[in-house]
$ cat coords.txt   # compact mmCIF, C-alpha atoms
# COMPACT_ATOMS: atom_id res chain seq x y z
CA MET Q 1 -18.30 33.46 27.39
CA SER Q 2 -19.20 35.93 30.10
CA TYR Q 3 -21.25 38.61 28.45
CA PRO Q 4 -23.23 40.73 30.89
CA GLN Q 5 -26.45 40.01 29.02
CA PRO Q 6 -25.83 37.38 26.44
CA HIS Q 7 -27.89 37.77 23.36
CA PRO Q 8 -29.61 34.43 22.88
CA ARG Q 9 -28.59 34.09 19.29
CA PHE Q 10 -25.01 35.03 19.96
CA SER Q 11 -24.71 32.63 22.80
CA VAL Q 12 -25.96 29.80 20.68
CA LEU Q 13 -23.54 30.69 17.97
CA SER Q 14 -20.56 30.97 20.20
CA ASN Q 15 -21.41 27.84 22.09
CA SER Q 16 -21.67 25.78 19.00
CA SER Q 17 -18.46 27.04 17.54
CA LEU Q 18 -16.77 26.50 20.85
CA SER Q 19 -17.85 22.92 21.06
CA SER Q 20 -16.90 22.18 17.50
CA ALA Q 21 -13.46 23.54 18.07
CA GLU Q 22 -13.28 21.88 21.42
CA HIS Q 23 -12.67 18.32 20.35
CA LEU Q 24 -10.26 19.40 17.63
CA SER Q 25 -11.50 16.86 15.21
CA PRO Q 26 -9.67 16.76 11.90
CA ALA Q 27 -12.73 18.10 10.18
CA SER Q 28 -12.98 21.18 12.33
CA SER Q 29 -9.38 22.22 12.02
CA SER Q 30 -8.58 20.99 8.56
CA ARG Q 31 -9.43 24.15 6.76
CA PHE Q 32 -6.47 25.94 8.26
CA SER Q 33 -3.89 23.63 6.94
CA LEU Q 34 -4.06 24.85 3.39
CA PRO Q 35 -2.09 28.06 3.33
CA SER Q 36 0.31 27.67 6.16
CA ALA Q 37 3.13 25.85 4.45
CA PRO Q 38 4.52 28.69 2.42
CA SER Q 39 6.55 26.85 -0.12
CA ILE Q 40 5.04 23.41 -0.32
CA ASN Q 41 1.99 24.48 -2.22
CA THR Q 42 2.61 23.38 -5.75
CA ALA Q 43 -0.59 24.82 -7.11
CA THR Q 44 -0.02 26.79 -10.21
CA THR Q 45 -2.67 29.34 -10.92
CA PRO Q 46 -5.01 27.40 -13.17
CA LYS Q 47 -7.17 28.91 -15.82
CA PRO Q 48 -10.58 29.72 -14.43
CA GLY Q 49 -12.83 26.74 -14.79
CA VAL Q 50 -9.97 24.32 -15.44
CA ARG Q 51 -8.76 22.72 -12.23
CA PRO Q 52 -6.16 20.05 -12.89
CA ASN Q 53 -6.46 17.01 -10.72
CA ILE Q 54 -3.87 16.84 -7.94
CA TYR Q 55 -2.70 13.51 -9.34
CA ASP Q 56 -1.94 15.18 -12.66
CA ARG Q 57 0.20 17.92 -11.18
CA PRO Q 58 3.88 17.46 -10.56
CA LEU Q 59 5.07 17.36 -6.97
CA ASN Q 60 8.28 19.17 -7.66
CA LYS Q 61 8.73 22.71 -6.53
CA THR Q 62 7.81 25.18 -9.20
CA ARG Q 63 9.08 28.69 -9.47
CA ASN Q 64 5.82 30.30 -8.43
CA ALA Q 65 5.29 27.95 -5.50
CA GLU Q 66 6.21 30.62 -2.98
CA VAL Q 67 3.45 32.21 -0.97
CA SER Q 68 3.41 35.96 -0.45
CA ALA Q 69 4.66 36.79 3.04
CA ALA Q 70 2.03 39.50 3.42
CA ALA Q 71 -0.79 37.16 2.50
CA PHE Q 72 0.53 34.54 4.85
CA ALA Q 73 0.93 37.06 7.69
CA PHE Q 74 -2.68 38.11 7.22
CA MET Q 75 -3.87 34.52 7.15
CA PHE Q 76 -1.84 33.59 10.20
CA SER Q 77 -3.12 36.60 12.10
CA GLU Q 78 -6.66 35.44 11.39
CA ILE Q 79 -5.77 31.93 12.51
CA VAL Q 80 -4.41 33.22 15.79
CA GLN Q 81 -7.40 35.50 16.35
CA TYR Q 82 -9.87 32.75 15.52
CA THR Q 83 -8.11 30.37 17.86
CA GLN Q 84 -7.76 32.96 20.60
CA LYS Q 85 -11.51 33.52 20.71
CA ARG Q 86 -12.08 29.85 21.43
CA VAL Q 87 -9.62 29.08 24.16
CA SER Q 88 -9.46 29.58 27.89
CA GLY Q 89 -5.85 30.57 28.33
CA ILE Q 90 -2.41 30.92 26.86
CA ASN Q 91 -1.56 27.26 27.31
CA ASP Q 92 -4.69 26.25 25.50
CA LEU Q 93 -3.98 28.68 22.68
CA GLU Q 94 -0.45 27.40 22.25
CA ARG Q 95 -1.68 23.82 22.31
CA ARG Q 96 -4.13 24.52 19.52
CA LEU Q 97 -1.61 26.34 17.39
CA ASN Q 98 0.62 23.34 17.92
CA THR Q 99 -2.14 21.03 16.69
CA LEU Q 100 -2.64 23.15 13.60
CA GLY Q 101 1.08 23.10 12.91
CA TYR Q 102 1.15 19.34 13.36
CA ARG Q 103 -1.09 18.92 10.36
CA ILE Q 104 1.35 20.91 8.27
CA GLY Q 105 4.33 19.02 9.60
CA THR Q 106 3.12 15.59 8.50
CA ARG Q 107 2.77 16.91 4.96
CA VAL Q 108 6.03 18.83 4.96
CA LEU Q 109 7.86 15.69 6.02
CA GLU Q 110 6.47 13.48 3.27
CA LEU Q 111 6.73 16.05 0.55
CA MET Q 112 10.24 17.11 1.51
CA ALA Q 113 11.39 13.52 1.61
CA TRP Q 114 9.82 12.83 -1.73
CA ARG Q 115 11.51 15.81 -3.33
CA ASN Q 116 14.88 14.88 -1.90
CA GLU Q 117 14.78 11.13 -2.23
CA SER Q 118 12.44 9.97 -4.95
CA ALA Q 119 15.08 10.28 -7.63
CA ALA Q 120 17.61 8.37 -5.53
CA LYS Q 121 18.35 4.76 -6.27
CA ALA Q 122 17.54 3.65 -2.75
CA PRO Q 123 15.42 6.25 -0.96
CA LYS Q 124 16.40 6.62 2.68
CA ARG Q 125 14.69 7.71 5.88
CA GLU Q 126 16.38 9.16 8.92
CA THR Q 127 16.60 6.53 11.61
CA ARG Q 128 18.92 8.25 14.07
CA PHE Q 129 17.96 11.26 16.10
CA LEU Q 130 20.84 13.66 15.56
CA PRO Q 131 20.82 13.48 11.74
CA ALA Q 132 17.05 13.90 11.90
CA LEU Q 133 17.46 17.00 14.06
CA MET Q 134 20.02 18.39 11.66
CA SER Q 135 17.70 17.79 8.75
CA ILE Q 136 14.90 19.62 10.58
CA HIS Q 137 17.25 22.51 11.24
CA THR Q 138 18.24 22.84 7.60
CA HIS Q 139 15.85 21.03 5.27
CA VAL Q 140 12.54 21.49 7.02
CA TRP Q 141 13.27 25.11 7.83
CA ARG Q 142 14.33 25.75 4.28
CA ALA Q 143 11.22 24.04 2.90
CA VAL Q 144 8.89 25.95 5.19
CA PHE Q 145 10.59 29.30 5.80
CA GLY Q 146 13.09 29.50 2.98
CA LYS Q 147 16.14 29.65 5.24
CA PRO Q 148 17.81 27.32 7.72
CA ALA Q 149 17.30 27.84 11.44
CA ASP Q 150 20.01 29.68 13.31
CA ALA Q 151 21.23 27.19 15.88
CA ILE Q 152 20.76 23.82 17.51
CA GLU Q 153 21.56 23.44 21.16
CA LYS Q 154 21.56 20.55 23.55
CA SER Q 155 20.38 21.16 27.06
CA VAL Q 156 23.12 20.92 29.65
CA GLU Q 157 20.80 20.02 32.49
CA ASN Q 158 18.54 17.50 30.79
CA ALA Q 159 19.83 14.87 28.42
CA ASP Q 160 16.46 14.56 26.72
CA GLU Q 161 16.12 18.22 25.73
CA TYR Q 162 17.25 19.79 22.49
CA MET Q 163 16.61 23.28 21.19
CA ILE Q 164 16.28 24.74 17.73
CA ILE Q 165 16.78 28.48 17.73
CA ASP Q 166 15.48 30.92 15.20
CA ASN Q 167 16.61 34.51 15.63
CA ASP Q 168 13.75 36.00 13.67
CA PRO Q 169 10.99 33.51 12.86
CA PRO Q 170 9.16 34.70 9.74
CA ILE Q 171 5.73 33.70 10.99
CA THR Q 172 5.87 35.90 14.08
CA ARG Q 173 7.64 38.82 12.44
CA ASN Q 174 4.44 40.82 12.25
CA ILE Q 175 3.02 39.80 15.60
CA SER Q 176 3.41 41.94 18.67
CA VAL Q 177 2.22 40.08 21.71
CA PRO Q 178 0.37 42.18 24.32
CA ARG Q 179 2.23 42.66 27.56
CA ASP Q 180 -0.29 40.73 29.66
CA MET Q 181 0.22 37.68 27.45
CA SER Q 182 3.97 37.96 27.27
CA SER Q 183 4.51 34.23 27.73
CA LEU Q 184 2.61 33.48 24.53
CA SER Q 185 4.69 32.39 21.60
CA CYS Q 186 2.88 32.04 18.30
CA SER Q 187 5.79 29.91 17.17
CA SER Q 188 3.88 27.09 18.82
CA PHE Q 189 2.71 26.61 15.28
CA THR Q 190 6.29 25.92 14.25
CA ALA Q 191 6.68 23.68 17.27
CA GLY Q 192 3.75 21.67 15.94
CA ILE Q 193 5.49 21.27 12.60
CA VAL Q 194 8.65 20.06 14.31
CA GLU Q 195 6.67 17.69 16.50
CA ALA Q 196 4.97 16.16 13.47
CA VAL Q 197 8.24 15.66 11.66
CA LEU Q 198 9.84 14.02 14.68
CA ASP Q 199 6.76 11.91 15.27
CA GLY Q 200 6.68 10.75 11.69
CA LEU Q 201 10.31 9.71 11.85
CA GLY Q 202 9.59 7.77 15.03
CA PHE Q 203 11.05 10.13 17.62
CA SER Q 204 8.12 10.90 19.87
CA ALA Q 205 8.65 14.19 21.63
CA ARG Q 206 6.87 17.10 23.21
CA VAL Q 207 7.77 20.26 21.37
CA THR Q 208 7.07 23.73 22.72
CA ALA Q 209 8.04 27.24 21.69
CA HIS Q 210 9.46 29.88 24.00
CA ASN Q 211 10.42 33.51 23.58
CA THR Q 212 14.07 33.98 24.38
CA PRO Q 213 14.81 37.53 23.29
CA ASN Q 214 18.26 39.01 23.51
CA ASP Q 215 19.52 42.49 22.79
CA GLN Q 216 20.33 41.80 19.20
CA TYR Q 217 17.25 39.78 18.32
CA PRO Q 218 14.07 40.81 20.13
CA ASN Q 219 12.11 38.10 18.28
CA ARG Q 220 14.47 35.26 19.07
CA THR Q 221 12.51 32.06 19.61
CA THR Q 222 13.56 28.71 20.99
CA ILE Q 223 11.80 25.54 19.92
CA LEU Q 224 12.27 23.17 22.81
CA ILE Q 225 12.20 19.44 22.06
CA LYS Q 226 11.69 17.12 24.97
CA LEU Q 227 12.20 13.56 23.81
CA GLU Q 228 10.37 10.63 25.24
CA LYS Q 229 12.30 8.16 27.28
CA SER Q 230 11.79 5.32 24.81
CA VAL Q 231 13.53 7.34 22.09
CA LEU Q 232 16.60 7.89 24.23
CA GLU Q 233 16.72 4.23 25.14
CA ARG Q 234 16.51 3.23 21.52
CA GLU Q 235 19.25 5.64 20.54
CA GLU Q 236 21.40 4.18 23.27
CA ALA Q 237 20.72 0.66 22.04
CA LEU Q 238 21.45 1.55 18.42
CA LYS Q 239 24.74 3.14 19.33
CA THR Q 240 26.50 -0.17 19.79
CA MET V 1 -0.08 -15.01 -10.08
CA SER V 2 -1.47 -12.39 -7.80
CA HIS V 3 -0.17 -9.45 -5.85
CA HIS V 4 -1.77 -7.93 -2.81
CA LEU V 5 -1.05 -4.38 -1.76
CA PHE V 6 -1.99 -2.82 1.56
CA LEU V 7 -1.42 0.75 2.66
CA LEU V 8 -1.27 1.01 6.43
CA SER V 9 -1.26 4.21 8.42
CA PRO V 10 1.25 4.81 11.25
CA SER V 11 -1.34 3.44 13.65
CA ASP V 12 -1.77 0.37 11.42
CA THR V 13 -5.17 1.36 10.08
CA PRO V 14 -5.63 -0.06 6.60
CA LEU V 15 -6.20 2.89 4.25
CA TYR V 16 -6.22 1.16 0.92
CA SER V 17 -5.85 -2.30 -0.49
CA LEU V 18 -5.50 -3.72 -3.95
CA THR V 19 -5.42 -7.18 -5.43
CA HIS V 20 -3.72 -7.47 -8.75
CA TYR V 21 -3.55 -10.50 -11.04
CA SER V 22 -0.70 -10.09 -13.43
CA SER V 23 -0.61 -13.26 -15.50
CA LYS V 24 -4.28 -13.19 -16.38
CA PRO V 25 -5.17 -9.62 -17.23
CA SER V 26 -8.67 -10.68 -18.19
CA GLN V 27 -9.29 -11.71 -14.61
CA SER V 28 -8.15 -8.44 -13.10
CA THR V 29 -11.28 -8.04 -11.08
CA SER V 30 -9.26 -6.43 -8.33
CA SER V 31 -11.43 -4.34 -6.13
CA PRO V 32 -11.03 -2.28 -2.95
CA LEU V 33 -11.28 -3.73 0.48
CA ALA V 34 -15.00 -3.55 1.04
CA SER V 35 -16.07 -5.73 -1.86
CA ASN V 36 -13.27 -8.16 -1.24
CA LEU V 37 -14.24 -9.13 2.26
CA PRO V 38 -14.68 -12.85 2.68
CA SER V 39 -18.11 -14.18 1.99
CA TRP V 40 -19.04 -16.17 5.05
CA SER V 41 -20.21 -19.34 3.44
CA THR V 42 -20.00 -22.70 5.13
CA SER V 43 -16.68 -23.51 3.58
CA ALA V 44 -15.06 -20.27 4.73
CA PHE V 45 -13.26 -22.05 7.51
CA ALA V 46 -12.10 -24.78 5.19
CA GLY V 47 -10.67 -22.11 2.90
CA THR V 48 -8.70 -20.69 5.81
CA LEU V 49 -7.26 -24.07 6.61
CA THR V 50 -6.16 -24.81 3.07
CA ALA V 51 -4.59 -21.40 2.70
CA LEU V 52 -2.82 -21.60 6.03
CA SER V 53 -1.46 -25.03 5.28
CA GLY V 54 0.01 -23.76 2.05
CA ALA V 55 -2.19 -26.02 -0.05
CA SER V 56 -3.64 -23.23 -2.09
CA SER V 57 -1.92 -24.49 -5.20
CA ALA V 58 -3.83 -27.71 -4.83
CA SER V 59 -7.14 -25.96 -4.56
CA GLN V 60 -6.18 -23.87 -7.54
CA THR V 61 -5.75 -26.88 -9.76
CA GLN V 62 -8.87 -28.40 -8.35
CA HIS V 63 -11.04 -25.46 -9.34
CA GLY V 64 -8.78 -24.25 -12.09
CA GLN V 65 -10.99 -25.15 -14.99
CA GLY V 66 -13.95 -23.22 -13.74
CA GLY V 67 -11.78 -20.18 -13.22
CA THR V 68 -13.93 -19.17 -10.28
CA VAL V 69 -11.45 -19.53 -7.45
CA LYS V 70 -8.72 -16.94 -7.27
CA ILE V 71 -6.08 -17.03 -4.63
CA GLY V 72 -6.50 -14.31 -2.09
CA GLY V 73 -9.47 -12.76 -3.79
CA GLY V 74 -12.13 -15.04 -2.47
CA GLN V 75 -12.58 -16.98 0.69
CA ASP V 76 -8.98 -16.88 1.79
CA ARG V 77 -8.96 -13.10 1.64
CA HIS V 78 -8.74 -12.94 5.41
CA VAL V 79 -5.69 -15.16 5.33
CA ILE V 80 -3.97 -12.69 3.04
CA GLN V 81 -4.89 -9.90 5.41
CA MET V 82 -3.57 -11.89 8.30
CA ILE V 83 -0.24 -12.52 6.58
CA ALA V 84 0.05 -8.83 5.76
CA ASN V 85 -0.70 -7.82 9.33
CA ALA V 86 1.60 -10.43 10.78
CA SER V 87 4.45 -9.13 8.65
CA LEU V 88 4.13 -5.75 10.40
CA ASP V 89 6.13 -7.13 13.29
CA ALA V 90 8.97 -8.04 10.98
CA ILE V 91 8.75 -4.66 9.26
CA GLU V 92 8.83 -2.69 12.51
CA GLU V 93 11.89 -4.60 13.56
CA VAL V 94 13.78 -4.03 10.35
CA MET V 95 12.80 -0.39 9.85
CA ARG V 96 14.52 0.70 13.06
CA LYS V 97 17.85 -0.55 11.82
CA GLU V 98 17.61 -0.05 8.09
CA SER V 99 17.33 3.47 6.80
CA VAL V 100 16.23 2.48 3.32
CA MET V 101 12.54 2.90 2.60
CA TYR V 102 12.21 -0.16 0.38
CA LEU V 103 12.51 -3.28 2.49
CA LYS V 104 12.52 -6.24 0.17
CA SER V 105 11.40 -9.66 1.30
CA VAL V 106 11.06 -8.82 4.97
CA ASP V 107 8.84 -11.77 5.68
CA LYS V 108 7.82 -15.09 4.18
CA PHE V 109 4.75 -17.20 4.73
CA ASN V 110 4.22 -20.36 2.70
CA GLU V 111 4.29 -19.26 -0.92
CA TRP V 112 3.97 -15.56 -0.09
CA THR V 113 6.88 -13.18 0.13
CA VAL V 114 6.23 -9.87 1.82
CA SER V 115 7.98 -6.73 0.63
CA ALA V 116 7.40 -3.38 2.24
CA PHE V 117 8.00 0.29 1.73
CA VAL V 118 8.11 2.62 4.72
CA THR V 119 7.71 6.31 4.05
CA PRO V 120 9.41 8.89 6.28
CA GLY V 121 6.03 9.62 7.83
CA ASN V 122 5.80 5.97 8.90
CA MET V 123 3.18 4.95 6.35
CA LYS V 124 3.69 1.34 5.43
CA PHE V 125 3.04 -0.12 2.01
CA VAL V 126 2.91 -3.90 2.25
CA LEU V 127 2.99 -6.08 -0.84
CA LEU V 128 2.44 -9.83 -0.89
CA HIS V 129 3.89 -11.50 -3.94
CA GLU V 130 4.81 -14.98 -5.03
CA SER V 131 7.81 -14.47 -7.29
CA ARG V 132 10.92 -12.33 -7.10
CA ASN V 133 10.68 -9.11 -9.03
CA ASP V 134 12.77 -6.60 -7.08
CA ASP V 135 13.09 -3.91 -9.70
CA GLY V 136 9.46 -4.02 -10.69
CA ILE V 137 8.29 -3.90 -7.10
CA LYS V 138 10.62 -1.04 -6.35
CA ALA V 139 9.32 0.95 -9.30
CA PHE V 140 5.77 0.12 -8.25
CA PHE V 141 6.37 1.28 -4.69
CA ASN V 142 7.90 4.50 -5.97
CA ASP V 143 4.79 5.20 -7.99
CA VAL V 144 2.53 4.44 -5.05
CA TRP V 145 4.64 6.69 -2.87
CA GLU V 146 4.24 9.61 -5.23
CA LEU V 147 0.50 9.02 -5.45
CA TYR V 148 0.27 8.77 -1.68
CA VAL V 149 2.15 12.04 -1.16
CA LYS V 150 -0.25 13.71 -3.54
CA THR V 151 -3.17 12.24 -1.64
CA MET V 152 -1.96 13.39 1.73
CA LEU V 153 -1.41 16.94 0.50
CA ASN V 154 -5.18 17.16 0.47
CA PRO V 155 -5.92 19.19 3.60
CA PHE V 156 -8.95 17.04 4.33
CA HIS V 157 -6.90 13.89 4.40
CA THR V 158 -5.86 12.72 7.85
CA ALA V 159 -3.67 9.83 8.88
CA HIS V 160 -6.76 7.70 9.36
CA THR V 161 -8.77 8.58 6.28
CA PRO V 162 -9.25 5.60 3.98
CA ILE V 163 -8.19 6.52 0.45
CA ARG V 164 -11.29 6.33 -1.70
CA SER V 165 -10.21 8.47 -4.62
CA PRO V 166 -11.04 6.71 -7.90
CA VAL V 167 -8.15 8.51 -9.59
CA PHE V 168 -5.74 7.17 -6.99
CA ASP V 169 -7.14 3.70 -7.51
CA ALA V 170 -6.84 3.92 -11.27
CA ARG V 171 -3.27 5.20 -11.08
CA VAL V 172 -2.19 2.45 -8.69
CA ARG V 173 -3.76 -0.17 -10.96
CA ALA V 174 -2.07 1.26 -14.02
CA SER V 175 1.26 1.17 -12.20
CA ALA V 176 0.65 -2.39 -11.02
CA LYS V 177 -0.13 -3.46 -14.56
CA LYS V 178 3.06 -1.84 -15.78
CA HIS V 179 5.51 -3.06 -13.16
CA LEU V 180 4.14 -6.26 -11.61
$ encode --input "coords.txt" --output "structure tokens"
Amino acid sequence: MSYPQPHPRFSVLSNSSLSSAEHLSPASSSRFSLPSAPSINTATTPKPGVRPNIYDRPLNKTRNAEVSAAAFAFMFSEIVQYTQKRVSGINDLERRLNTLGYRIGTRVLELMAWRNESAAKAPKRETRFLPALMSIHTHVWRAVFGKPADAIEKSVENADEYMIIDNDPPITRNISVPRDMSSLSCSSFTAGIVEAVLDGLGFSARVTAHNTPNDQYPNRTTILIKLEKSVLEREEALKT
Amino acid sequence: MSHHLFLLSPSDTPLYSLTHYSSKPSQSTSSPLASNLPSWSTSAFAGTLTALSGASSASQTQHGQGGTVKIGGGQDRHVIQMIANASLDAIEEVMRKESVMYLKSVDKFNEWTVSAFVTPGNMKFVLLHESRNDDGIKAFFNDVWELYVKTMLNPFHTAHTPIRSPVFDARVRASAKKHL
């Protein structure tokens, strides 16, 4: 906060909000997690004054469970702006978007699994990495964005790196990143979702988002998954 | 006959616990964790020893007439908690290999059988029971799972928030009454 002549009241305000956002406690970031999972919100529009208890509402996807893309774009733009005011650099901003996405991811994972598996005779979890990655590529993407991701790639150089590629991620469709911040990818939010899903399934990883534009798709984004060593070792051991 | 349910977060924090007595519905004074903590009387240690040695049936007959001593609800509450926590090792081992969420009878300790349910997000539901009742337990776990998913959709819920919702509690009890 380097104002030439900081107004005392402003400086107090900004300091306090900075510190509250600083430690990223669940309480300080929780209010953003509501709208950002476009299709998992099962809330039907209740009659004014009558709010059904969450335990009384069905978990299954209803027809009007989709969130307006315009409303979400507006909300997400505010999220990015709010976050941007409280960080020191691009890395920090991406890290915070990642944290916000993580909170969505944990919920997406449980809800998606419940919708797919609860009717099954013996509900199953993913215990191997590649099927889990495939299910992120198709099921998670479809649950969150309404379409599967465009590609999965495995890094040639590093055995522990996998990539999920989206040619036109819906959440950054309306974002144009300024030239001086060109390394910023707001898909860090998506990376957070992926990280939470992998974490929940027991595949600890660091997930980051990178802009990888090509001629055909200027918005092409790569979600890079860097698995922890223990995960690779376990996969190796389970192979036999 | 009693059942003990524990909900444990991925970092093994207990989020919710329930004690359910199925054969004597009049005694269903099951209550959340806080009120069920052991009362540290002089005989607390003796209670631990009897429970650990598997002699709880003896103590039950001894105090049976008074109806005051309930297995796992009173002084040997901490033993129940210990058995549940000890079974986590067995659960973690099995859940890496088995892809099913419902792991039946993963562990045994004296008269207690431990069944578990692992959600995709690595939440663990641990149930201590004395008799076999696979279908009932499975149906019970499914209900708890649905209730848990609903709970965690609350944006203010984190992986470490104890579940204090009275509605959740009532629903889990109703399901326990129905299936266990």
$ interface_residues --input "coords.txt" --of "chain V" --to "chain Q" --cutoff "8 Å" --atoms "all atoms listed in the file" --output "PDB file with C-alpha atoms, keeping the file's coordinate frame"
ATOM      1  CA  ARG V  96      14.520   0.700  13.060  1.00  0.00           C
ATOM      2  CA  LYS V  97      17.850  -0.550  11.820  1.00  0.00           C
ATOM      3  CA  GLU V  98      17.610  -0.050   8.090  1.00  0.00           C
ATOM      4  CA  SER V  99      17.330   3.470   6.800  1.00  0.00           C
ATOM      5  CA  VAL V 100      16.230   2.480   3.320  1.00  0.00           C
ATOM      6  CA  MET V 101      12.540   2.900   2.600  1.00  0.00           C
ATOM      7  CA  TYR V 102      12.210  -0.160   0.380  1.00  0.00           C
ATOM      8  CA  THR V 119       7.710   6.310   4.050  1.00  0.00           C
ATOM      9  CA  PRO V 120       9.410   8.890   6.280  1.00  0.00           C
ATOM     10  CA  GLY V 121       6.030   9.620   7.830  1.00  0.00           C
ATOM     11  CA  ASN V 122       5.800   5.970   8.900  1.00  0.00           C
ATOM     12  CA  ASN V 142       7.900   4.500  -5.970  1.00  0.00           C
ATOM     13  CA  GLU V 146       4.240   9.610  -5.230  1.00  0.00           C
ATOM     14  CA  LEU V 147       0.500   9.020  -5.450  1.00  0.00           C
ATOM     15  CA  VAL V 149       2.150  12.040  -1.160  1.00  0.00           C
ATOM     16  CA  LYS V 150      -0.250  13.710  -3.540  1.00  0.00           C
ATOM     17  CA  THR V 151      -3.170  12.240  -1.640  1.00  0.00           C
ATOM     18  CA  MET V 152      -1.960  13.390   1.730  1.00  0.00           C
ATOM     19  CA  LEU V 153      -1.410  16.940   0.500  1.00  0.00           C
ATOM     20  CA  PRO V 155      -5.920  19.190   3.600  1.00  0.00           C
ATOM     21  CA  PHE V 156      -8.950  17.040   4.330  1.00  0.00           C
ATOM     22  CA  THR V 158      -5.860  12.720   7.850  1.00  0.00           C
ATOM     23  CA  VAL V 167      -8.150   8.510  -9.590  1.00  0.00           C
ATOM     24  CA  PHE V 168      -5.740   7.170  -6.990  1.00  0.00           C
TER      25      PHE V 168
END
$ residues_around --input "coords.txt" --residues "Q:His137" --least-positions-apart "5" --cutoff "12 Å" --atoms "only C-alpha atoms" --output "number ranges by chain"
Q: 130-132, 142-153, 162-166, 190, 193-194, 197-198, 223
$ atom_distance --input "coords.txt" --atom1 "atom CA of V:Phe117" --atom2 "atom CA of V:Gln81"
16.8 Å
$ closest_residue --input "coords.txt" --among "V:Asn110, V:Ser175, V:Ser87, V:Thr161" --to "V:Phe125" --atoms "only C-alpha atoms"
V:Ser87
$ atom_distance --input "coords.txt" --atom1 "atom CA of V:Leu7" --atom2 "atom CA of V:Val144"
9.4 Å
$ atom_distance --input "coords.txt" --atom1 "atom CA of Q:Cys186" --atom2 "atom CA of Q:Val140"
18.2 Å
$ residues_around --input "coords.txt" --residues "V:Ala159" --least-positions-apart "3" --cutoff "9 Å" --atoms "only C-alpha atoms" --output "PyMOL selection string"
(chain Q and resi 106) or (chain V and resi 9-11+13+15+123+152+162)
$ residues_around --input "coords.txt" --residues "Q:Pro213" --least-positions-apart "5" --cutoff "10 Å" --atoms "only C-alpha atoms" --output "MDAnalysis selection string"
chainID Q and resid 167:168 218:222
$ closest_residue --input "coords.txt" --among "V:Phe141, V:His157, V:Asp107, V:Leu127" --to "V:Val172" --atoms "all atoms listed in the file"
V:Phe141
